[in-house]
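Below is one structure; the comments refer to it alone.
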Amino acid sequence: VANPLVYGDYPKIMKQNAGSRLPAFTDHESQQIKGSADFIGVINYYTVYIKDNPSSLKQKHRDWSADTATKFFFKQDTAASSNEVGLLSR
């Protein structure tokens, strides 16, 4: 996600998966955005597990979650139980 800020463009795999839904940068825009971030912060409040899901790329109607070709899970640990719940499952 930070590739445009660091390199001035999206990763090739992201452009391949999202296709025309991903806006393209002009050369001028790419130069403007490249290296423009002074700080990038990440806050993590829970653990997310990500599993490879290449079959999502074969869907006729795709969205951003299918373009990632992944399946997200989170694991919530409590004193009473530990449950694994699938998010964005397809």
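Residue names in the structure tokens use chain letters A, B, ... in the order shown, residue numbers from 1 in each chain, and ligand numbers from 1 in the order shown.
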Taking 3 positions as the minimum chain separation for residues in the same chain, which residues sit within 7 Å of segment 38-55 of chain A when counting only C-alpha atoms? Answer as an mmCIF file with C-alpha atoms, in the first residue's frame.
```cif
data_model
loop_
_atom_site.group_PDB
_atom_site.id
_atom_site.type_symbol
_atom_site.label_atom_id
_atom_site.label_comp_id
_atom_site.auth_asym_id
_atom_site.auth_seq_id
_atom_site.Cartn_x
_atom_site.Cartn_y
_atom_site.Cartn_z
ATOM 1 C CA LYS A 58 -10.857 -16.172 -11.093
ATOM 2 C CA ALA A 69 -5.822 -12.959 -3.637
ATOM 3 C CA THR A 70 -5.880 -13.532 0.097
ATOM 4 C CA LYS A 71 -8.266 -14.620 2.821
ATOM 5 C CA PHE A 72 -8.180 -12.794 6.151
ATOM 6 C CA PHE A 73 -8.670 -14.373 9.570
ATOM 7 C CA PHE A 74 -8.364 -13.031 13.048
ATOM 8 C CA LYS A 75 -7.962 -14.969 16.216
#
```
### Task
Apply DSSP to the structure's backbone, then extract all residues of chain A labelled strand (DSSP E) and return them as a VMD selection string.
chain A and resid 48 to 52 70 to 77 82 to 87
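Of the listed residues (A:Asp63, A:Leu5, A:Thr68, A:Ser36), A:Asp63 comes nearest to Ser20 of chain A; the distances count only C-alpha atoms.
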### Non-local contacts of segment 21-34 of chain A (6 Å; only C-alpha atoms; under 3 positions in same chain excluded) as a PyMOL selection string
chain A and resi 5-8+18
Could you write out that same residue set with N, CA and C atoms as a CSV table (one decimal), in the first residue's frame?
```csv
chain,number,residue,atom,x,y,z
A,5,LEU,N,4.2,5.9,-2.3
A,5,LEU,CA,4.9,6.9,-1.5
A,5,LEU,C,6.4,6.6,-1.5
A,6,VAL,N,6.8,5.4,-1.7
A,6,VAL,CA,8.2,5.1,-1.6
A,6,VAL,C,8.8,5.0,-3.1
A,7,TYR,N,8.1,4.4,-4.0
A,7,TYR,CA,8.7,4.1,-5.3
A,7,TYR,C,8.0,4.9,-6.4
A,8,GLY,N,6.9,5.6,-6.1
A,8,GLY,CA,6.2,6.4,-7.1
A,8,GLY,C,5.2,5.6,-8.0
A,18,ALA,N,-5.7,-5.7,-10.1
A,18,ALA,CA,-6.7,-4.7,-10.1
A,18,ALA,C,-7.1,-4.2,-11.5
```
Nearby residues (only C-alpha atoms) at most 10 Å from Pro11 of chain A, same-chain spacing under 5 positions excluded, as a PDB file with all heavy atoms, in the first residue's frame:
```pdb
ATOM      1  N   VAL A   1       0.820  -1.187   0.000  1.00  0.00           N
ATOM      2  CA  VAL A   1       0.000   0.000   0.000  1.00  0.00           C
ATOM      3  C   VAL A   1       0.868   1.256   0.000  1.00  0.00           C
ATOM      4  O   VAL A   1       0.502   2.261  -0.570  1.00  0.00           O
ATOM      5  CB  VAL A   1      -0.958   0.001   1.210  1.00  0.00           C
ATOM      6  CG1 VAL A   1      -1.752   1.272   1.272  1.00  0.00           C
ATOM      7  CG2 VAL A   1      -1.880  -1.200   1.152  1.00  0.00           C
ATOM      8  N   ALA A   2       2.020   1.198   0.596  1.00  0.00           N
ATOM      9  CA  ALA A   2       2.896   2.371   0.658  1.00  0.00           C
ATOM     10  C   ALA A   2       3.814   2.488  -0.552  1.00  0.00           C
ATOM     11  O   ALA A   2       4.557   3.458  -0.652  1.00  0.00           O
ATOM     12  CB  ALA A   2       3.729   2.330   1.937  1.00  0.00           C
ATOM     13  N   ASN A   3       3.763   1.535  -1.459  1.00  0.00           N
ATOM     14  CA  ASN A   3       4.660   1.573  -2.623  1.00  0.00           C
ATOM     15  C   ASN A   3       4.620   2.889  -3.390  1.00  0.00           C
ATOM     16  O   ASN A   3       5.671   3.392  -3.765  1.00  0.00           O
ATOM     17  CB  ASN A   3       4.363   0.407  -3.567  1.00  0.00           C
ATOM     18  CG  ASN A   3       5.062  -0.852  -3.148  1.00  0.00           C
ATOM     19  OD1 ASN A   3       4.983  -1.234  -1.984  1.00  0.00           O
ATOM     20  ND2 ASN A   3       5.738  -1.495  -4.060  1.00  0.00           N
ATOM     21  N   PRO A   4       3.439   3.483  -3.660  1.00  0.00           N
ATOM     22  CA  PRO A   4       3.455   4.758  -4.384  1.00  0.00           C
ATOM     23  C   PRO A   4       4.238   5.846  -3.638  1.00  0.00           C
ATOM     24  O   PRO A   4       4.922   6.649  -4.263  1.00  0.00           O
ATOM     25  CB  PRO A   4       1.973   5.132  -4.488  1.00  0.00           C
ATOM     26  CG  PRO A   4       1.269   3.832  -4.457  1.00  0.00           C
ATOM     27  CD  PRO A   4       2.078   2.987  -3.490  1.00  0.00           C
ATOM     28  N   GLN A  16      -1.576  -5.717 -11.907  1.00  0.00           N
ATOM     29  CA  GLN A  16      -2.052  -6.888 -12.648  1.00  0.00           C
ATOM     30  C   GLN A  16      -3.403  -7.351 -12.096  1.00  0.00           C
ATOM     31  O   GLN A  16      -4.328  -7.614 -12.851  1.00  0.00           O
ATOM     32  CB  GLN A  16      -1.033  -8.008 -12.546  1.00  0.00           C
ATOM     33  CG  GLN A  16      -1.448  -9.301 -13.210  1.00  0.00           C
ATOM     34  CD  GLN A  16      -0.425 -10.409 -12.972  1.00  0.00           C
ATOM     35  OE1 GLN A  16       0.743 -10.148 -12.735  1.00  0.00           O
ATOM     36  NE2 GLN A  16      -0.883 -11.628 -13.002  1.00  0.00           N
TER      37      GLN A  16
END
```
### Task
Work out how far apart atom CA of Asn17 of chain A and atom CA of Asp67 of chain A are and give it in Å to one decimal.
5.2 Å
